[in-house]
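Structure below is final-v5.txt: compact mmCIF, C-alpha atoms and all ligand atoms.
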# COMPACT_ATOMS: atom_id res chain seq x y z
CA HIS G 1 28.32 -49.96 -39.31
CA ALA G 2 25.19 -48.33 -40.69
CA LYS G 3 23.35 -49.32 -37.56
CA ALA G 4 26.02 -47.85 -35.31
CA CYS G 5 25.86 -44.63 -37.30
CA GLY G 6 22.12 -44.51 -36.98
CA ARG G 7 22.34 -45.01 -33.25
CA ARG G 8 24.92 -42.27 -32.93
CA GLN G 9 22.75 -39.92 -34.94
CA ALA G 10 19.73 -40.70 -32.82
CA GLN G 11 21.77 -40.02 -29.72
CA TYR G 12 22.93 -36.62 -31.01
CA PHE G 13 19.35 -35.86 -31.95
CA ASN G 14 18.17 -36.59 -28.41
CA GLU G 15 20.92 -34.50 -26.88
CA ASP G 16 19.92 -31.65 -29.18
CA ILE G 17 16.31 -31.89 -28.10
CA SER G 18 17.15 -31.91 -24.42
CA ALA G 19 19.56 -28.98 -24.74
CA THR G 20 16.88 -27.06 -26.62
CA ALA G 21 14.26 -28.00 -24.06
CA LYS G 22 16.53 -26.88 -21.22
CA ALA G 23 17.34 -23.65 -23.02
CA ARG G 24 13.67 -23.01 -23.58
CA PHE G 25 12.92 -23.70 -19.95
CA LEU G 26 15.67 -21.36 -18.79
CA LEU G 27 14.58 -18.63 -21.16
CA GLU G 28 10.93 -18.96 -20.41
CA SER G 29 11.38 -19.33 -16.67
CA GLN G 30 12.87 -15.82 -16.63
CA LEU G 31 15.51 -14.16 -18.72
CA SER G 32 16.81 -12.52 -15.58
CA GLU G 33 17.39 -15.93 -13.99
CA ALA G 34 19.26 -17.07 -17.08
CA ILE G 35 21.38 -13.95 -16.86
CA GLU G 36 22.01 -14.40 -13.15
CA ALA G 37 23.05 -17.97 -13.83
CA GLY G 38 25.81 -16.44 -15.92
CA VAL G 39 24.75 -18.07 -19.15
CA LEU G 40 24.74 -14.94 -21.28
CA SER G 41 27.75 -12.92 -22.24
CA VAL G 42 28.81 -10.44 -24.89
CA VAL G 43 31.75 -10.72 -27.28
CA TYR G 44 33.15 -8.01 -29.52
CA GLN G 45 34.17 -8.34 -33.17
CA PRO G 46 36.38 -5.52 -34.49
CA ILE G 47 35.33 -3.73 -37.69
CA MET G 48 38.19 -2.42 -39.83
CA SER G 49 38.69 0.60 -42.02
CA ALA G 50 39.15 -0.70 -45.59
CA ASP G 51 41.86 1.92 -46.22
CA SER G 52 44.05 1.64 -43.17
CA HIS G 53 43.02 -1.74 -41.75
CA SER G 54 42.74 -0.13 -38.35
CA VAL G 55 39.92 -0.90 -35.92
CA VAL G 56 37.20 1.73 -36.33
CA SER G 57 34.36 0.12 -34.42
CA ALA G 58 33.12 -3.21 -33.12
CA GLU G 59 29.98 -5.31 -33.15
CA ALA G 60 28.65 -6.73 -29.89
CA LEU G 61 27.37 -10.30 -30.25
CA VAL G 62 25.51 -12.27 -27.59
CA ARG G 63 26.78 -15.67 -26.44
CA TRP G 64 25.13 -18.44 -24.47
CA GLN G 65 27.51 -20.54 -22.42
CA HIS G 66 26.48 -22.84 -19.62
CA ASP G 67 28.21 -25.58 -17.62
CA SER G 68 25.66 -28.25 -18.37
CA LEU G 69 24.17 -26.94 -21.60
CA GLY G 70 27.46 -26.20 -23.28
CA PHE G 71 27.74 -23.62 -26.02
CA MET G 72 24.76 -22.54 -28.11
CA SER G 73 25.07 -20.20 -31.06
CA PRO G 74 22.71 -17.22 -31.36
CA ALA G 75 21.16 -18.92 -34.39
CA GLU G 76 19.98 -21.67 -32.02
CA PHE G 77 18.77 -19.73 -29.02
CA LEU G 78 17.58 -16.40 -30.43
CA PRO G 79 14.53 -18.05 -32.06
CA LEU G 80 13.63 -19.38 -28.58
CA ALA G 81 13.94 -15.90 -27.12
CA TYR G 82 11.69 -14.58 -29.90
CA GLU G 83 9.10 -17.27 -29.26
CA ALA G 84 9.15 -16.64 -25.55
CA GLY G 85 8.68 -12.90 -26.12
CA LEU G 86 12.03 -12.23 -24.41
CA ILE G 87 14.08 -11.03 -27.34
CA ALA G 88 13.63 -7.31 -26.65
CA ALA G 89 14.68 -7.84 -23.02
CA LEU G 90 17.72 -9.79 -24.23
CA ASP G 91 18.67 -6.98 -26.62
CA LEU G 92 18.37 -4.45 -23.81
CA TRP G 93 20.51 -6.64 -21.56
CA VAL G 94 23.22 -6.72 -24.26
CA LEU G 95 22.95 -2.95 -24.69
CA GLU G 96 23.34 -2.41 -20.94
CA ARG G 97 26.33 -4.76 -20.77
CA VAL G 98 27.96 -2.83 -23.63
CA CYS G 99 27.34 0.51 -21.87
CA ARG G 100 28.87 -0.93 -18.69
CA ASP G 101 31.90 -2.17 -20.64
CA ILE G 102 32.33 1.25 -22.25
CA GLN G 103 32.16 2.93 -18.83
CA GLN G 104 34.71 0.50 -17.37
CA SER G 105 37.08 0.98 -20.31
CA GLN G 106 36.86 4.74 -19.76
CA ALA G 107 37.66 4.26 -16.09
CA GLN G 108 40.80 2.37 -17.20
CA GLY G 109 41.75 5.31 -19.41
CA LEU G 110 40.96 3.44 -22.63
CA LEU G 111 38.83 4.82 -25.40
CA MET G 112 36.64 2.16 -26.95
CA PRO G 113 35.64 2.83 -30.55
CA PRO G 114 31.89 2.96 -31.21
CA VAL G 115 30.15 -0.36 -30.51
CA ALA G 116 27.26 -1.63 -32.64
CA VAL G 117 24.48 -3.55 -30.88
CA ASN G 118 21.94 -5.71 -32.76
CA LEU G 119 18.29 -4.92 -32.16
CA SER G 120 15.43 -7.27 -32.99
CA ALA G 121 12.17 -6.08 -34.55
CA ASP G 122 10.53 -6.32 -31.12
CA ALA G 123 13.13 -4.00 -29.59
CA ILE G 124 13.06 -1.40 -32.35
CA MET G 125 9.23 -1.36 -32.36
CA ASP G 126 9.08 -0.76 -28.60
CA PRO G 127 7.63 2.78 -28.28
CA MET G 128 9.75 3.22 -25.13
CA LEU G 129 13.03 2.25 -26.79
CA ALA G 130 14.46 5.76 -27.12
CA ASP G 131 13.69 6.47 -23.45
CA ARG G 132 15.29 3.20 -22.38
CA VAL G 133 18.43 3.92 -24.41
CA TRP G 134 18.61 7.45 -23.01
CA ALA G 135 18.36 6.08 -19.46
CA LEU G 136 21.28 3.70 -20.14
CA LEU G 137 23.42 6.50 -21.58
CA GLU G 138 22.75 8.54 -18.43
CA LYS G 139 23.32 5.66 -16.02
CA TYR G 140 26.69 4.71 -17.51
CA GLN G 141 27.77 8.19 -18.62
CA VAL G 142 28.12 7.05 -22.22
CA GLN G 143 27.86 9.40 -25.22
CA GLY G 144 25.40 8.47 -27.97
CA SER G 145 28.27 8.67 -30.43
CA GLN G 146 29.87 5.68 -28.67
CA LEU G 147 26.97 3.47 -29.74
CA GLU G 148 25.57 2.22 -33.02
CA LEU G 149 22.44 0.14 -33.50
CA GLU G 150 21.88 -2.50 -36.20
CA VAL G 151 18.52 -3.73 -37.43
CA ILE G 152 17.67 -6.09 -40.27
CA GLU G 153 15.55 -4.86 -43.16
CA ASP G 154 12.51 -6.85 -42.08
CA ALA G 155 12.48 -5.12 -38.70
CA ILE G 156 11.72 -1.77 -40.36
CA LYS G 157 9.38 -2.83 -43.11
CA GLY G 158 6.18 -1.63 -41.47
CA ASP G 159 5.47 2.04 -42.00
CA SER G 160 4.87 3.37 -38.56
CA LYS G 161 5.11 6.82 -37.00
CA VAL G 162 6.41 5.24 -33.79
CA LEU G 163 9.34 3.65 -35.62
CA ARG G 164 10.22 6.88 -37.40
CA ARG G 165 10.08 8.86 -34.15
CA THR G 166 12.23 6.28 -32.35
CA LEU G 167 14.88 6.30 -35.09
CA GLU G 168 14.94 10.11 -35.17
CA GLU G 169 15.32 10.33 -31.39
CA LEU G 170 18.18 7.82 -31.43
CA VAL G 171 19.94 9.81 -34.16
CA ARG G 172 19.43 13.00 -32.13
CA MET G 173 21.30 11.30 -29.25
CA GLY G 174 24.24 10.87 -31.65
CA ILE G 175 23.67 7.15 -32.24
CA LYS G 176 24.41 5.87 -35.76
CA LEU G 177 21.98 3.39 -37.30
CA SER G 178 22.86 0.54 -39.65
CA ILE G 179 20.85 -1.90 -41.74
CA ASP G 180 22.16 -5.40 -41.08
CA ASP G 181 22.30 -8.38 -43.48
CA PHE G 182 21.47 -5.97 -46.29
CA GLY G 183 20.17 -7.67 -49.43
CA THR G 184 18.56 -10.64 -47.68
CA GLY G 185 15.26 -9.09 -46.62
CA TYR G 186 12.43 -6.96 -47.76
CA SER G 187 13.91 -3.64 -48.71
CA SER G 188 12.26 -0.59 -50.12
CA LEU G 189 14.56 2.01 -51.57
CA LEU G 190 12.04 4.64 -50.52
CA ARG G 191 12.45 3.62 -46.89
CA LEU G 192 16.21 3.72 -47.23
CA LYS G 193 15.87 7.23 -48.56
CA ASN G 194 13.44 8.39 -45.89
CA LEU G 195 14.73 6.79 -42.70
CA PRO G 196 17.84 8.13 -40.91
CA PHE G 197 20.22 5.21 -41.48
CA SER G 198 23.89 5.90 -42.10
CA LYS G 199 25.33 2.45 -42.89
CA LEU G 200 24.50 -0.69 -44.82
CA LYS G 201 26.04 -4.01 -43.87
CA ILE G 202 26.25 -6.33 -46.87
CA ASP G 203 25.26 -9.82 -45.81
CA HIS G 204 28.10 -12.34 -45.73
CA SER G 205 26.28 -14.59 -48.22
CA PHE G 206 27.10 -12.05 -50.97
CA ILE G 207 30.71 -11.67 -49.80
CA GLN G 208 31.51 -15.37 -49.45
CA ASP G 209 32.15 -16.10 -53.16
CA LEU G 210 33.68 -12.77 -54.20
CA PRO G 211 35.32 -12.11 -56.60
CA ASP G 212 34.62 -15.33 -58.56
CA ASP G 213 30.84 -15.32 -58.54
CA GLN G 214 29.61 -12.82 -61.14
CA ASP G 215 26.16 -12.50 -59.58
CA ASP G 216 27.61 -11.67 -56.18
CA CYS G 217 29.96 -9.13 -57.77
CA ALA G 218 27.02 -7.49 -59.53
CA ILE G 219 24.90 -7.41 -56.36
CA THR G 220 27.72 -6.01 -54.24
CA LEU G 221 28.59 -3.37 -56.85
CA SER G 222 24.99 -2.24 -57.05
CA ILE G 223 24.75 -1.96 -53.25
CA LEU G 224 27.98 0.06 -53.17
CA GLY G 225 26.77 2.35 -55.97
CA MET G 226 23.40 2.92 -54.39
CA ALA G 227 24.93 3.56 -50.97
CA ARG G 228 27.33 6.10 -52.44
CA GLY G 229 24.44 7.89 -54.15
CA LEU G 230 22.44 7.99 -50.91
CA GLY G 231 25.43 9.05 -48.79
CA LEU G 232 25.53 5.80 -46.80
CA LYS G 233 28.67 4.00 -45.63
CA VAL G 234 29.05 0.29 -46.38
CA VAL G 235 30.37 -2.55 -44.22
CA ALA G 236 31.16 -5.93 -45.82
CA GLU G 237 30.38 -8.79 -43.41
CA GLY G 238 32.17 -12.13 -43.33
CA VAL G 239 35.43 -11.14 -45.05
CA GLU G 240 37.66 -14.20 -44.75
CA ASN G 241 40.42 -13.90 -47.32
CA HIS G 242 42.72 -11.61 -49.23
CA GLU G 243 40.88 -11.92 -52.58
CA GLN G 244 37.64 -10.68 -51.06
CA GLU G 245 39.47 -7.90 -49.26
CA ALA G 246 41.35 -6.71 -52.36
CA TRP G 247 38.20 -6.65 -54.48
CA LEU G 248 36.11 -4.85 -51.85
CA GLN G 249 38.84 -2.29 -51.25
CA HIS G 250 39.19 -1.67 -54.96
CA GLN G 251 35.43 -1.14 -55.31
CA GLY G 252 35.43 1.45 -52.55
CA CYS G 253 33.80 -0.46 -49.70
CA ASP G 254 34.31 1.59 -46.51
CA TYR G 255 34.57 -1.01 -43.75
CA LEU G 256 35.43 -4.71 -43.49
CA GLN G 257 34.39 -7.22 -40.82
CA GLY G 258 35.32 -10.87 -40.72
CA PHE G 259 37.54 -13.72 -39.61
CA LYS G 260 40.30 -12.40 -41.93
CA TYR G 261 40.89 -9.77 -39.24
CA HIS G 262 39.42 -10.91 -35.95
CA LYS G 263 36.88 -13.33 -34.58
CA PRO G 264 34.45 -12.08 -31.92
CA MET G 265 36.33 -11.91 -28.58
CA PRO G 266 35.71 -11.20 -24.88
CA ILE G 267 35.96 -7.58 -23.75
CA ASP G 268 39.41 -7.99 -22.15
CA ALA G 269 40.91 -9.33 -25.38
CA PHE G 270 39.27 -6.51 -27.31
CA LEU G 271 40.66 -3.86 -24.96
CA GLY G 272 44.07 -5.55 -25.16
CA LEU G 273 43.93 -5.22 -28.91
CA LEU G 274 43.28 -1.47 -28.61
CA VAL G 275 46.23 -1.02 -26.30
CA THR G 276 48.72 -2.87 -28.48
CA VAL G 277 47.57 -1.33 -31.78
P1 LIG G 301 24.99 -10.52 -37.58
O1 LIG G 301 24.47 -9.38 -36.80
O2 LIG G 301 24.96 -10.41 -39.06
O3 LIG G 301 26.45 -10.76 -37.02
C1 LIG G 301 27.53 -11.25 -37.79
C2 LIG G 301 27.68 -12.73 -37.63
O4 LIG G 301 28.67 -13.20 -38.56
C3 LIG G 301 28.18 -13.17 -36.26
O5 LIG G 301 27.62 -14.46 -36.00
C4 LIG G 301 29.67 -13.31 -36.48
O6 LIG G 301 30.33 -14.16 -35.56
C5 LIG G 301 29.68 -13.89 -37.87
N1 LIG G 301 30.94 -13.65 -38.59
C6 LIG G 301 31.77 -12.60 -38.49
N2 LIG G 301 32.80 -12.70 -39.34
C7 LIG G 301 32.62 -13.86 -40.02
C8 LIG G 301 33.36 -14.53 -41.06
O7 LIG G 301 34.40 -14.06 -41.54
N3 LIG G 301 32.85 -15.71 -41.51
C9 LIG G 301 31.71 -16.26 -41.01
N4 LIG G 301 31.29 -17.42 -41.49
N5 LIG G 301 30.97 -15.64 -40.03
C10 LIG G 301 31.43 -14.46 -39.56
P2 LIG G 301 26.96 -14.82 -34.59
O8 LIG G 301 27.71 -14.16 -33.47
O9 LIG G 301 26.78 -16.30 -34.55
O10 LIG G 301 25.56 -14.11 -34.66
C11 LIG G 301 24.60 -14.52 -35.60
C12 LIG G 301 23.45 -13.55 -35.65
O11 LIG G 301 22.73 -13.55 -34.43
C13 LIG G 301 23.88 -12.10 -35.85
O12 LIG G 301 24.18 -11.86 -37.20
C14 LIG G 301 22.63 -11.39 -35.38
O13 LIG G 301 21.65 -11.39 -36.39
C15 LIG G 301 22.17 -12.28 -34.25
N6 LIG G 301 22.59 -11.69 -32.96
C16 LIG G 301 23.78 -11.81 -32.32
N7 LIG G 301 23.76 -11.11 -31.14
C17 LIG G 301 22.52 -10.54 -31.06
C18 LIG G 301 21.87 -9.71 -30.09
O14 LIG G 301 22.42 -9.30 -29.04
N8 LIG G 301 20.57 -9.34 -30.36
C19 LIG G 301 19.93 -9.74 -31.50
N9 LIG G 301 18.66 -9.34 -31.69
N10 LIG G 301 20.51 -10.50 -32.43
C20 LIG G 301 21.80 -10.90 -32.22
MG MG G 302 24.75 -7.44 -36.81
MG MG G 303 24.79 -9.16 -40.45
MG MG G 304 24.05 -12.23 -40.38
The structure in this file should be written as structure tokens.
Ligand code: C2E
Ligand code: MG
Ligand code: MG
Ligand code: MG
Amino acid sequence: HAKACGRRQAQYFNEDISATAKARFLLESQLSEAIEAGVLSVVYQPIMSADSHSVVSAEALVRWQHDSLGFMSPAEFLPLAYEAGLIAALDLWVLERVCRDIQQSQAQGLLMPPVAVNLSADAIMDPMLADRVWALLEKYQVQGSQLELEVIEDAIKGDSKVLRRTLEELVRMGIKLSIDDFGTGYSSLLRLKNLPFSKLKIDHSFIQDLPDDQDDCAITLSILGMARGLGLKVVAEGVENHEQEAWLQHQGCDYLQGFKYHKPMPIDAFLGLLVTV
């Protein structure tokens, strides 16, 4: 039995390696080819108001789906895109797809709520980013207020004039900026104070064991208190059950995101949700 298990494990291991190797080859051969092959797509996860439980915005999340490769989660293929130096291009592709989806929803007479797109450190450090975003807004006739951008703490840790100028230009276009996975990275309160962010997203690892884990309660409360003092809104990520929801609501968290409400879904399902709500 042990031997059979070992063999099965080895087989899975080999399949993993070959899927990773194929993914790397596809990514490195050209992101555009991977996109043309239809392997990348975008799904939307609704974000709820903690008061009314209505959909107030959504987060766009990239997906990798291929006939022969099967499904890969972002955690598996984003590191490959980083390594290959393609992550900024991937982020821009997602942003363009979101702008296109917003334009198409408008053409159907639907009003999408603001959509948040994740940006890697490479994308946010690109001195041309604000120009690229502006060009997309123009091309798809999208208002800046229809977009939000999320970056993790570590992506903004360097003190650079270019970063500050980029963030200020994005805000001037009406785009709201969020710090993602807050609490897991290098964070300086001074930078929070000085950079034009308007939301913090509390990482799901702190939400997971609420309200039983005293440490997580203390951490979440301190984030909520600090955010309130700085005039920032707070999103709790990874809300899965009623106990978490009730506690977060009671403590004054503004927005909730998680499987308790909706899993990430294709654009048509998301638009359907808006129509029926
Ligand atoms: P994130 O930005 O923090 O996104 C939230 C992740 O939590 C998503 O995972 C989402 O599916 C998952 N999630 C949402 N609600 C729940 C819940 O209730 N329980 C649990 N266990 N998970 C929940 P996903 O889609 O696998 O994405 C993982 C990460 O990959 C994202 O974390 C983000 O850092 C990165 N990512 C995704 N799309 C992009 C992209 O277009 N560009 C960049 N640079 N990064 C991306
Ligand atoms: Mg995010
Ligand atoms: Mg996050
Ligand atoms: Mg995360």
All residues 12 Å or closer to G:Arg165, all atoms listed in the file, same chain fewer than 3 positions away omitted, as a PDB file with C-alpha atoms, in the coordinates of the input:
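Saved the output as out_6.pdb:
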ATOM      1  CA  ILE G 124      13.060  -1.400 -32.350  1.00  0.00           C
ATOM      2  CA  MET G 125       9.230  -1.360 -32.360  1.00  0.00           C
ATOM      3  CA  ASP G 126       9.080  -0.760 -28.600  1.00  0.00           C
ATOM      4  CA  PRO G 127       7.630   2.780 -28.280  1.00  0.00           C
ATOM      5  CA  MET G 128       9.750   3.220 -25.130  1.00  0.00           C
ATOM      6  CA  LEU G 129      13.030   2.250 -26.790  1.00  0.00           C
ATOM      7  CA  ALA G 130      14.460   5.760 -27.120  1.00  0.00           C
ATOM      8  CA  ASP G 131      13.690   6.470 -23.450  1.00  0.00           C
ATOM      9  CA  ASP G 159       5.470   2.040 -42.000  1.00  0.00           C
ATOM     10  CA  SER G 160       4.870   3.370 -38.560  1.00  0.00           C
ATOM     11  CA  LYS G 161       5.110   6.820 -37.000  1.00  0.00           C
ATOM     12  CA  VAL G 162       6.410   5.240 -33.790  1.00  0.00           C
ATOM     13  CA  GLU G 168      14.940  10.110 -35.170  1.00  0.00           C
ATOM     14  CA  GLU G 169      15.320  10.330 -31.390  1.00  0.00           C
ATOM     15  CA  LEU G 170      18.180   7.820 -31.430  1.00  0.00           C
ATOM     16  CA  VAL G 171      19.940   9.810 -34.160  1.00  0.00           C
ATOM     17  CA  ARG G 172      19.430  13.000 -32.130  1.00  0.00           C
ATOM     18  CA  LEU G 195      14.730   6.790 -42.700  1.00  0.00           C
ATOM     19  CA  PRO G 196      17.840   8.130 -40.910  1.00  0.00           C
TER      20      PRO G 196
END
So that I can see what lies close to G:Asp254, please list as a ChimeraX atom specification the residues with an atom at most 10 Å from it, counting all atoms listed in the file and leaving out residues fewer than 2 positions away in the same chain.
/G:48-51,199,224,232-236,248-249,251-252,256
Wanna dump the chain G-ligand MG 302 (chain G) contacts at 6 Å for me, each residue with its shortest atom pair and the distance in Å to one decimal, counting only C-alpha atoms and all ligand atoms, ordered by chain and number, as a Markdown table?
| residue | atom | partner | partner_atom | distance |
| --- | --- | --- | --- | --- |
| G:Asn118 | CA | G:MG302 | MG | 5.2 |
| G:Glu150 | CA | G:MG302 | MG | 5.7 |
| G:Asp180 | CA | G:MG302 | MG | 5.4 |
Counting all atoms listed in the file, what are the residues, protein, DNA or RNA alike, that approach ligand LIG 301 (chain G) to within 7 Å? I want them as a PyMOL selection string.
chain G and resi 60-62+73-75+78+87+90-91+94+117-120+180-181+203+237-240+257-260+263-264
Residues from last step as file, C-alpha atoms, as a CSV table (one decimal), in the coordinates of the input:
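Just written: out-v9.csv:
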chain,number,residue,atom,x,y,z
G,60,ALA,CA,28.6,-6.7,-29.9
G,61,LEU,CA,27.4,-10.3,-30.2
G,62,VAL,CA,25.5,-12.3,-27.6
G,73,SER,CA,25.1,-20.2,-31.1
G,74,PRO,CA,22.7,-17.2,-31.4
G,75,ALA,CA,21.2,-18.9,-34.4
G,78,LEU,CA,17.6,-16.4,-30.4
G,87,ILE,CA,14.1,-11.0,-27.3
G,90,LEU,CA,17.7,-9.8,-24.2
G,91,ASP,CA,18.7,-7.0,-26.6
G,94,VAL,CA,23.2,-6.7,-24.3
G,117,VAL,CA,24.5,-3.6,-30.9
G,118,ASN,CA,21.9,-5.7,-32.8
G,119,LEU,CA,18.3,-4.9,-32.2
G,120,SER,CA,15.4,-7.3,-33.0
G,180,ASP,CA,22.2,-5.4,-41.1
G,181,ASP,CA,22.3,-8.4,-43.5
G,203,ASP,CA,25.3,-9.8,-45.8
G,237,GLU,CA,30.4,-8.8,-43.4
G,238,GLY,CA,32.2,-12.1,-43.3
G,239,VAL,CA,35.4,-11.1,-45.0
G,240,GLU,CA,37.7,-14.2,-44.8
G,257,GLN,CA,34.4,-7.2,-40.8
G,258,GLY,CA,35.3,-10.9,-40.7
G,259,PHE,CA,37.5,-13.7,-39.6
G,260,LYS,CA,40.3,-12.4,-41.9
G,263,LYS,CA,36.9,-13.3,-34.6
G,264,PRO,CA,34.4,-12.1,-31.9
Using all atoms listed in the file, which protein or nucleic acid residues come within 12 Å of G:Leu192? Drop anything in the same chain fewer than 4 positions from it, and give the result as a list in words.
Glu153, Ile156, Lys157, Arg164, Leu177, Ser178, Ile179, Phe182, Tyr186, Ser187, Ser188, Pro196, Phe197, Ser198, Lys199, Leu200, Ile223, Met226, Ala227, Gly229, Leu230, Gly231 and Leu232 of chain G
Work out how far atom CA of G:Ile219 is from atom CA of G:Gly183, in Å to one decimal.
8.4 Å
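Comparing G:Gly144, G:Gly158, G:Gly38, G:Pro211 by their smallest distance to G:Lys176, the closest is G:Gly144 (using only C-alpha atoms).
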What is the distance, in Å and to one decimal place, between atom CA of G:Val98 and atom CA of G:Ala19?
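It comes out at 27.5 Å.
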What separation in Å, quoted to one decimal, exists between atom CA of G:Val151 and atom CA of G:Arg191?
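For atom CA of G:Val151 relative to atom CA of G:Arg191, the distance reads 13.4 Å.
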Choose the residue, out of G:Ala246, G:Ala81, G:Ile152, G:Leu136, that has the smallest atom-to-atom separation from ligand MG 303 (chain G); count all atoms listed in the file.
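Residue with the minimum atom-to-atom distance to ligand MG 303 (chain G): G:Ile152.
Distance annotation: of G:Glu59, G:Glu33, G:Glu148, G:Glu243, the residue with the minimal separation from ligand MG 304 (chain G) is G:Glu59; atom set is all atoms listed in the file.
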Using only C-alpha atoms and all ligand atoms, pick whichever of G:Tyr44, G:Ile202, G:Thr20, G:Ala116 has the shortest atom-to-atom distance to ligand MG 303 (chain G).
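With only C-alpha atoms and all ligand atoms as the atom set, the closest residue is G:Ile202.
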G:Arg97, G:His204, G:His242, G:Arg228: which is nearest ligand MG 303 (chain G), counting all atoms listed in the file?
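The shortest atom-to-atom distance to ligand MG 303 (chain G) comes from G:His204.
Closest approach to G:Pro113 among G:Pro46, G:Pro266, G:Gly185, G:Gly272: G:Pro46, based on all atoms listed in the file.
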